[in-house]
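Undergrad: One file: my_file29.tsv (TSV, C-alpha atoms and all ligand atoms).
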```tsv
chain	number	residue	atom	x	y	z
B	8	MET	CA	2.61	9.53	-14.20
B	9	HIS	CA	0.63	12.24	-12.40
B	10	THR	CA	1.39	14.69	-9.61
B	11	ARG	CA	0.31	14.01	-6.06
B	12	GLU	CA	-2.49	16.59	-6.40
B	13	GLU	CA	-3.80	15.10	-9.65
B	14	ILE	CA	-3.86	11.60	-8.18
B	15	ALA	CA	-5.59	12.78	-4.99
B	16	LYS	CA	-8.30	14.66	-6.90
B	17	ARG	CA	-9.17	11.62	-8.99
B	18	ILE	CA	-9.11	9.34	-5.95
B	19	GLU	CA	-11.46	11.59	-3.99
B	20	GLU	CA	-14.12	11.13	-6.65
B	21	ILE	CA	-13.79	7.34	-6.44
B	22	VAL	CA	-13.90	7.38	-2.62
B	23	ARG	CA	-17.18	9.28	-2.73
B	24	LYS	CA	-18.70	6.37	-4.64
B	25	LEU	CA	-17.32	3.70	-2.28
B	26	ALA	CA	-17.30	5.10	1.25
B	27	ASN	CA	-19.99	4.43	3.83
B	28	ARG	CA	-22.04	7.53	4.65
B	29	ASN	CA	-20.94	7.52	8.25
B	30	PRO	CA	-17.66	5.58	8.39
B	31	CYS	CA	-17.28	6.15	12.15
B	32	GLY	CA	-20.80	5.10	13.21
B	33	GLU	CA	-21.15	2.91	16.35
B	34	GLY	CA	-17.60	3.75	17.38
B	35	LYS	CA	-16.27	1.54	14.58
B	36	ILE	CA	-14.51	2.71	11.47
B	37	LYS	CA	-16.00	0.91	8.50
B	38	LEU	CA	-15.68	0.93	4.77
B	39	MET	CA	-17.63	-1.46	2.57
B	40	ASN	CA	-18.60	-3.53	5.62
B	41	ARG	CA	-15.06	-4.11	6.82
B	42	ARG	CA	-13.84	-2.78	10.14
B	43	TYR	CA	-10.57	-0.87	10.50
B	44	VAL	CA	-8.45	0.62	13.28
B	45	LEU	CA	-6.23	3.64	13.35
B	46	MET	CA	-2.70	3.48	14.71
B	47	SER	CA	-0.21	6.28	15.08
B	48	THR	CA	2.72	6.18	12.69
B	49	ASP	CA	4.75	7.35	15.70
B	50	TYR	CA	4.72	3.65	16.65
B	51	PHE	CA	3.50	1.66	13.69
B	52	PRO	CA	5.18	0.11	11.86
B	53	TYR	CA	8.51	1.49	13.15
B	54	ASP	CA	8.39	-0.16	16.59
B	55	LEU	CA	7.04	-3.41	15.21
B	56	LEU	CA	9.89	-3.67	12.72
B	57	LYS	CA	12.49	-2.82	15.36
B	58	ASP	CA	11.06	-5.56	17.62
B	59	LEU	CA	11.05	-8.05	14.76
B	60	GLU	CA	14.67	-7.18	13.97
B	61	GLU	CA	15.61	-7.70	17.60
B	62	ILE	CA	13.93	-11.09	17.77
B	63	PHE	CA	14.73	-12.41	14.29
B	64	ASN	CA	17.84	-10.37	13.49
B	65	ALA	CA	17.72	-8.95	9.96
B	66	ALA	CA	14.64	-10.97	8.96
B	67	GLY	CA	12.16	-8.35	10.18
B	68	ASP	CA	11.74	-6.76	6.77
B	69	THR	CA	11.13	-10.17	5.16
B	70	LEU	CA	8.48	-10.99	7.76
B	71	LEU	CA	6.64	-7.74	7.06
B	72	TYR	CA	6.95	-8.32	3.31
B	73	GLN	CA	5.65	-11.90	3.51
B	74	GLY	CA	2.80	-10.85	5.79
B	75	GLY	CA	1.98	-8.07	3.35
B	76	ILE	CA	1.76	-10.52	0.44
B	77	LYS	CA	-0.92	-12.52	2.28
B	78	VAL	CA	-2.85	-9.32	3.02
B	79	GLY	CA	-2.52	-8.23	-0.62
B	80	ARG	CA	-3.94	-11.52	-1.92
B	81	ASP	CA	-6.85	-11.24	0.50
B	82	LEU	CA	-7.46	-7.62	-0.52
B	83	TYR	CA	-7.54	-8.70	-4.15
B	84	ASN	CA	-10.29	-11.24	-3.43
B	85	HIS	CA	-12.27	-8.62	-1.51
B	86	TYR	CA	-11.87	-5.64	-3.80
B	87	ILE	CA	-12.21	-7.40	-7.15
B	88	ASN	CA	-15.89	-7.88	-6.25
B	89	VAL	CA	-16.21	-4.24	-5.17
B	90	ALA	CA	-14.62	-3.13	-8.45
B	91	ARG	CA	-17.01	-5.26	-10.50
B	92	GLU	CA	-20.04	-4.20	-8.49
B	93	HIS	CA	-19.29	-0.48	-8.93
B	94	GLY	CA	-17.84	-0.74	-12.42
B	95	ILE	CA	-14.57	0.84	-11.27
B	96	ASP	CA	-11.12	-0.32	-12.32
B	97	LEU	CA	-9.57	-2.51	-9.57
B	98	TRP	CA	-6.40	-0.40	-9.31
B	99	ASP	CA	-8.51	2.74	-8.95
B	100	VAL	CA	-10.35	1.05	-6.06
B	101	ILE	CA	-7.02	0.09	-4.46
B	102	SER	CA	-5.66	3.66	-4.86
B	103	ALA	CA	-8.87	5.07	-3.39
B	104	VAL	CA	-8.90	2.70	-0.40
B	105	GLY	CA	-5.20	3.28	0.27
B	106	TRP	CA	-5.72	7.03	0.20
B	107	TYR	CA	-8.87	6.90	2.32
B	108	PHE	CA	-7.10	4.91	5.03
B	109	GLY	CA	-4.02	7.07	4.94
B	110	TRP	CA	-1.55	4.58	3.49
B	111	GLY	CA	-0.48	7.10	0.87
B	112	THR	CA	-1.43	8.71	-2.41
B	113	GLY	CA	-0.59	6.28	-5.16
B	114	GLU	CA	-1.15	5.13	-8.70
B	115	VAL	CA	-0.13	2.26	-10.94
B	116	VAL	CA	2.13	3.62	-13.68
B	117	GLU	CA	2.83	0.36	-15.53
B	118	ARG	CA	0.53	-2.66	-15.55
B	119	GLY	CA	2.52	-5.49	-16.99
B	120	GLU	CA	2.64	-4.15	-20.56
B	121	ARG	CA	6.43	-4.61	-20.55
B	122	ASP	CA	7.48	-8.20	-19.65
B	123	GLY	CA	4.67	-8.45	-17.09
B	124	VAL	CA	6.30	-5.82	-14.86
B	125	TYR	CA	4.20	-3.51	-12.68
B	126	ARG	CA	5.42	-0.12	-11.48
B	127	MET	CA	3.64	1.86	-8.78
B	128	VAL	CA	4.26	5.24	-7.25
B	129	VAL	CA	3.17	6.16	-3.71
B	130	TYR	CA	3.49	9.65	-2.23
B	131	ASP	CA	3.45	10.07	1.56
B	132	SER	CA	3.81	6.38	2.44
B	133	PHE	CA	2.86	5.87	6.09
B	134	GLU	CA	5.72	3.43	6.54
B	135	ALA	CA	8.31	5.89	5.27
B	136	GLU	CA	6.88	8.64	7.46
B	137	SER	CA	6.99	6.39	10.50
B	138	PHE	CA	10.72	5.92	9.94
B	139	LEU	CA	11.43	9.53	9.06
B	140	ALA	CA	9.73	10.66	12.26
B	141	ARG	CA	11.81	8.35	14.43
B	142	GLU	CA	15.16	8.04	12.68
B	143	GLY	CA	15.30	10.73	10.02
B	144	ARG	CA	16.55	10.05	6.53
B	145	GLY	CA	18.42	6.78	6.05
B	146	ASP	CA	20.00	4.88	3.18
B	147	LYS	CA	17.46	2.02	2.84
B	148	SER	CA	13.94	1.58	1.53
B	149	VAL	CA	11.66	0.79	4.47
B	150	CYS	CA	8.13	0.21	3.12
B	151	HIS	CA	8.27	-3.58	3.40
B	152	PHE	CA	4.65	-4.15	4.36
B	153	MET	CA	3.35	-1.95	1.54
B	154	ARG	CA	5.73	-3.69	-0.89
B	155	GLY	CA	4.26	-7.03	0.20
B	156	VAL	CA	0.65	-5.86	-0.07
B	157	LEU	CA	1.19	-4.49	-3.59
B	158	THR	CA	2.98	-7.68	-4.62
B	159	GLY	CA	0.10	-9.81	-3.27
B	160	LEU	CA	-2.40	-7.67	-5.18
B	161	VAL	CA	-0.46	-8.13	-8.44
B	162	GLU	CA	-0.32	-11.89	-7.78
B	163	GLY	CA	-4.09	-11.86	-7.36
B	164	VAL	CA	-4.58	-10.02	-10.64
B	165	GLU	CA	-2.11	-12.11	-12.61
B	166	GLY	CA	-2.67	-15.48	-10.93
B	167	ARG	CA	1.05	-16.26	-10.59
B	168	ASP	CA	4.02	-15.51	-8.30
B	169	TYR	CA	5.67	-12.08	-8.29
B	170	VAL	CA	8.52	-10.48	-6.41
B	171	GLY	CA	8.37	-6.85	-5.25
B	172	HIS	CA	11.22	-4.32	-5.01
B	173	GLU	CA	11.07	-0.81	-3.61
B	174	THR	CA	13.30	1.17	-5.97
B	175	ARG	CA	12.75	4.61	-4.43
B	176	CYS	CA	11.68	5.51	-0.90
B	177	ARG	CA	10.79	8.70	0.93
B	178	ALA	CA	12.77	7.37	3.89
B	179	LYS	CA	15.99	7.71	1.90
B	180	GLY	CA	15.18	11.14	0.53
B	181	ASP	CA	13.30	10.34	-2.69
B	182	GLU	CA	10.26	12.44	-3.52
B	183	TYR	CA	8.01	9.36	-3.51
B	184	CYS	CA	8.21	5.61	-3.02
B	185	GLU	CA	8.36	3.49	-6.16
B	186	PHE	CA	7.61	-0.22	-6.32
B	187	VAL	CA	8.65	-2.47	-9.19
B	188	ILE	CA	6.90	-5.84	-9.12
B	189	GLU	CA	8.20	-8.52	-11.45
B	190	PRO	CA	7.13	-12.05	-12.35
B	191	ARG	CA	9.13	-14.59	-10.39
G	201	ZN	ZN	9.06	3.82	0.95
```
Using structure tokens, write down the structure from this file.

TA:
Amino acid sequence: MHTREEIAKRIEEIVRKLANRNPCGEGKIKLMNRRYVLMSTDYFPYDLLKDLEEIFNAAGDTLLYQGGIKVGRDLYNHYINVAREHGIDLWDVISAVGWYFGWGTGEVVERGERDGVYRMVVYDSFEAESFLAREGRGDKSVCHFMRGVLTGLVEGVEGRDYVGHETRCRAKGDEYCEFVIEPR
């Protein structure tokens, strides 16, 4: 496992290889021919989760997690081609894209060597910061969408079902968020 600074330095080099020259051209933010939008973490995902909780009671976190899994599977199909085309490890591409779009500074620490389990570390998770800004430190992990996305990515890589847990979270005072993703 590396420090935040070490991860960021390595990621920056990868981003330079992948990013469009002018990512904000034509008033659209683009990377590798996909369009993106920016949203303030003052509102997203905090408000969305609170609304989901209000409508579906405690199921809001599950909805974000399940939605994240679908996104993660889609990202796998997109970025596996990018990784092959540029000759860059898929997880390095994912770390670089996540960093570039401000999701956090992360790396994969274990890749299934032990019983198929993946472990990932993310500093500065946008989801945790959204909660910290609005509610301060709590006693629960809150990065449900990120947990889903990472789980969907692992499912893409491994071609089978996984379940994701967030074992540490900035929102409850840990230094970084940690995700453990296990075969179902
Ligand atoms: Zn977290």

Undergrad: List every residue of chain B that has an atom at most 10 Å from any atom of ligand ZN 201 (chain G), giving for each one its closest atom pair and the distance in Å to one decimal, counting only C-alpha atoms and all ligand atoms, sorted by chain and then by ascending residue number, as CSV.

TA:
```
residue,atom,partner,partner_atom,distance
B:Val128,CA,G:ZN201,ZN,9.6
B:Val129,CA,G:ZN201,ZN,7.9
B:Tyr130,CA,G:ZN201,ZN,8.7
B:Asp131,CA,G:ZN201,ZN,8.4
B:Ser132,CA,G:ZN201,ZN,6.0
B:Phe133,CA,G:ZN201,ZN,8.3
B:Glu134,CA,G:ZN201,ZN,6.5
B:Ala135,CA,G:ZN201,ZN,4.8
B:Glu136,CA,G:ZN201,ZN,8.4
B:Phe138,CA,G:ZN201,ZN,9.4
B:Lys147,CA,G:ZN201,ZN,8.8
B:Ser148,CA,G:ZN201,ZN,5.4
B:Val149,CA,G:ZN201,ZN,5.3
B:Cys150,CA,G:ZN201,ZN,4.3
B:His151,CA,G:ZN201,ZN,7.8
B:Phe152,CA,G:ZN201,ZN,9.7
B:Met153,CA,G:ZN201,ZN,8.1
B:Arg154,CA,G:ZN201,ZN,8.4
B:Glu173,CA,G:ZN201,ZN,6.8
B:Thr174,CA,G:ZN201,ZN,8.5
B:Arg175,CA,G:ZN201,ZN,6.6
B:Cys176,CA,G:ZN201,ZN,3.6
B:Arg177,CA,G:ZN201,ZN,5.2
B:Ala178,CA,G:ZN201,ZN,5.9
B:Lys179,CA,G:ZN201,ZN,8.0
B:Gly180,CA,G:ZN201,ZN,9.6
B:Asp181,CA,G:ZN201,ZN,8.6
B:Glu182,CA,G:ZN201,ZN,9.8
B:Tyr183,CA,G:ZN201,ZN,7.2
B:Cys184,CA,G:ZN201,ZN,4.4
B:Glu185,CA,G:ZN201,ZN,7.2
B:Phe186,CA,G:ZN201,ZN,8.4
```

Undergrad: Take the point (-8.3, 14.1, -4.4) as written in the file and pick out every residue within 12 Å of it, counting only C-alpha atoms; give the list as a JSON list (two decimals) with C-alpha atoms, in the frame of the given file.

TA:
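Writing the result to selection-v3.json gives the following:
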```
[["chain", "number", "residue", "atom", "x", "y", "z"],
["B", 10, "THR", "CA", 1.39, 14.69, -9.61],
["B", 11, "ARG", "CA", 0.31, 14.01, -6.06],
["B", 12, "GLU", "CA", -2.49, 16.59, -6.40],
["B", 13, "GLU", "CA", -3.80, 15.10, -9.65],
["B", 14, "ILE", "CA", -3.86, 11.60, -8.18],
["B", 15, "ALA", "CA", -5.59, 12.78, -4.99],
["B", 16, "LYS", "CA", -8.30, 14.66, -6.90],
["B", 17, "ARG", "CA", -9.17, 11.62, -8.99],
["B", 18, "ILE", "CA", -9.11, 9.34, -5.95],
["B", 19, "GLU", "CA", -11.46, 11.59, -3.99],
["B", 20, "GLU", "CA", -14.12, 11.13, -6.65],
["B", 21, "ILE", "CA", -13.79, 7.34, -6.44],
["B", 22, "VAL", "CA", -13.90, 7.38, -2.62],
["B", 23, "ARG", "CA", -17.18, 9.28, -2.73],
["B", 102, "SER", "CA", -5.66, 3.66, -4.86],
["B", 103, "ALA", "CA", -8.87, 5.07, -3.39],
["B", 106, "TRP", "CA", -5.72, 7.03, 0.20],
["B", 107, "TYR", "CA", -8.87, 6.90, 2.32],
["B", 111, "GLY", "CA", -0.48, 7.10, 0.87],
["B", 112, "THR", "CA", -1.43, 8.71, -2.41],
["B", 113, "GLY", "CA", -0.59, 6.28, -5.16]]
```

Undergrad: Could you check which of B:Val100, B:Asn88, B:Ser137, B:Val124 is closest to Lys57 (chain B), using all atoms listed in the file?

TA: B:Ser137

Undergrad: Interatomic distance between CA of Asp168 (chain B) and CA of Tyr125 (chain B)?

TA: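 Distance between the two atoms: 12.8 Å.
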
Undergrad: Taking only C-alpha atoms into account, name the residue in B:Arg118, B:Ala140, B:Gly109, B:Glu162 that is nearest to Met46 (chain B).

TA: B:Gly109

Undergrad: I'd like the contact shell of region 68-78 of chain B - 12 Å cut-off, only C-alpha atoms, skipping same-chain residues fewer than 2 positions apart - returned as a PyMOL selection string.

TA: chain B and resi 51-53+55-66+80-86+134+147-163+168-173+188

Undergrad: Mind pulling up the distance from CA of Glu117 (chain B) to CA of Arg167 (chain B)?

TA: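 CA of Glu117 (chain B) lies 17.4 Å from CA of Arg167 (chain B).
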
Undergrad: Rounded to one decimal, what separation in Å do you get between CA of Val89 (chain B) and CA of Ile36 (chain B)?

TA: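 Interatomic distance, CA of Val89 (chain B) to CA of Ile36 (chain B): 18.1 Å.
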